Amino acid sequence: MEQPRGIQWTLMQKLEDLDFADDVSLLSHTVGYMQAKTARLCNIARAAGLEINVTKTKSMRVNASQEVPLTVYGQAIEQVDRSTYLGSIASKTGGTDEDVKARINKTRQAFAILTPVWRSKNLSFRTKLRLFNSNVKSVLLYGAETWRRTKKLDHKLQVFINTRLRQILRIRWPESISNQELC
């Protein structure tokens with residue numbers, strides 16, 4: 001009988017790994033299966049004339065209680081609490097909060113870089129909104145398909161977007177308009 005591999009992705013499919021260029025993320029529900037996958041990867045790499053760099057190899061356990069170290073070539077792999085893969089942050093708690101915070105900070109920077117555009121009197125609000133959607137919102141929502149959506153997360157993102165739109169449109173307190181009017 002074949003060993004269970006990977007993590008449940010859909011009702012009928014399991015996700016075994018994530019591969020991009022020279023990065024590989026192996027996924028498994030148990031330490032034993034993960035060690036077997038790691039050993040198999042090492043053997044396949046060696047057969048192709050490649051070596052796994054143990055110092056660059058990391059292990060992260062999401063919501064796990066067992067702390068038995070994984071090994072590569074007999075050396076223990078460093079345990080980490082968070083990891084970045086293709087710009088998205090995964091943490092050992094399994095939540096999306098850290099990734100969302102990082103995305104919001106990157107978006108603040110993107111928005112700040114465009115301050116001269118937002119202040120320009122030569123550009124129409126329509127042009128500014130198009131630039132906002134293409135150059136700011138895209139930074140905010142990069143990788144969002146991996147986030148676990150909640151009402152709290154949706155609210156946080158909408159507040160961030162509404163605040164920036166109010167800045168672009170120069171709507172300052174005590175002036176007020178509803179969010180519906182803003183949209």
# chains A, B, ... in the order shown; residues from 1 in each chain; ligands from 1
$ residues_around --residues "Leu165 of chain A" --least-positions-apart "4" --cutoff "12 Å" --atoms "only C-alpha atoms" --output "list in words"
Phe111, Trp118, Phe125, Arg126, Lys128, Leu129, Arg130, Leu131, Phe132, Asn133, Val136, Lys137, Gln158, Val159, Phe160, Ile161, Leu169, Arg170, Ile171, Arg172, Ile177, Asn179, Glu181, Leu182 and Cys183 of chain A
$ residues_around --residues "segment 31-42 of chain A" --least-positions-apart "6" --cutoff "7 Å" --atoms "only C-alpha atoms" --output "MDAnalysis selection string"
chainID A and resid 52 70 72
$ write_last_selection --atoms "N, CA and C atoms" --output "compact mmCIF listing (two decimals), in the first residue's frame"
# COMPACT_ATOMS: atom_id res chain seq x y z
N ILE A 52 22.41 18.88 -1.74
CA ILE A 52 21.53 19.75 -0.98
C ILE A 52 22.42 20.56 -0.02
N LEU A 70 14.64 17.05 11.63
CA LEU A 70 14.84 16.42 10.32
C LEU A 70 16.32 16.50 10.00
N VAL A 72 19.52 16.09 6.88
CA VAL A 72 19.99 15.97 5.50
C VAL A 72 21.43 15.52 5.60
$ closest_residue --among "A:Ala144, A:Ala102, A:Ala90, A:Leu11" --to "Asn63 of chain A" --atoms "only C-alpha atoms"
A:Ala90
$ closest_residue --among "A:Asn43, A:Thr107, A:Ser59, A:Gln66" --to "Val139 of chain A" --atoms "only C-alpha atoms"
A:Thr107
$ closest_residue --among "A:Gly6, A:Lys106, A:Ser178, A:Thr96" --to "Arg148 of chain A" --atoms "only C-alpha atoms"
A:Thr96
$ atom_distance --atom1 "atom CA of Leu27 of chain A" --atom2 "atom CA of Lys58 of chain A"
12.5 Å
$ atom_distance --atom1 "atom CA of Ser120 of chain A" --atom2 "atom CA of Ile168 of chain A"
9.9 Å
$ select_by_dssp --residues "chain A" --states "alpha helix (DSSP H)" --output "PyMOL selection string"
chain A and resi 31-47+97-113+115-119+125-132+138-141+151-168+179-182
$ closest_residue --among "A:Asp99, A:Ser138, A:Leu114, A:Arg119" --to "Leu86 of chain A" --atoms "only C-alpha atoms"
A:Asp99
$ atom_distance --atom1 "atom CA of Arg61 of chain A" --atom2 "atom CA of Lys92 of chain A"
5.7 Å
$ decode --residues "segment 63-85 of chain A" --atoms "C-alpha atoms" --output "mmCIF file, in the first residue's frame"
data_model
loop_
_atom_site.group_PDB
_atom_site.id
_atom_site.type_symbol
_atom_site.label_atom_id
_atom_site.label_comp_id
_atom_site.auth_asym_id
_atom_site.auth_seq_id
_atom_site.Cartn_x
_atom_site.Cartn_y
_atom_site.Cartn_z
ATOM 1 C CA ASN A 63 0.796 23.697 14.562
ATOM 2 C CA ALA A 64 3.062 20.782 15.535
ATOM 3 C CA SER A 65 3.983 19.479 18.948
ATOM 4 C CA GLN A 66 6.764 17.065 17.961
ATOM 5 C CA GLU A 67 10.279 18.533 17.793
ATOM 6 C CA VAL A 68 12.297 15.601 16.397
ATOM 7 C CA PRO A 69 14.825 17.213 14.031
ATOM 8 C CA LEU A 70 14.837 16.419 10.324
ATOM 9 C CA THR A 71 18.216 15.592 8.829
ATOM 10 C CA VAL A 72 19.989 15.973 5.504
ATOM 11 C CA TYR A 73 23.106 13.837 5.024
ATOM 12 C CA GLY A 74 22.972 13.064 8.758
ATOM 13 C CA GLN A 75 23.022 16.757 9.785
ATOM 14 C CA ALA A 76 20.064 18.352 11.600
ATOM 15 C CA ILE A 77 18.113 20.955 9.618
ATOM 16 C CA GLU A 78 17.539 24.328 11.294
ATOM 17 C CA GLN A 79 14.003 24.862 12.636
ATOM 18 C CA VAL A 80 12.450 28.253 11.817
ATOM 19 C CA ASP A 81 9.269 29.969 13.007
ATOM 20 C CA ARG A 82 8.573 31.688 9.683
ATOM 21 C CA SER A 83 9.596 31.362 6.093
ATOM 22 C CA THR A 84 9.209 33.459 2.948
ATOM 23 C CA TYR A 85 8.385 31.651 -0.285
#
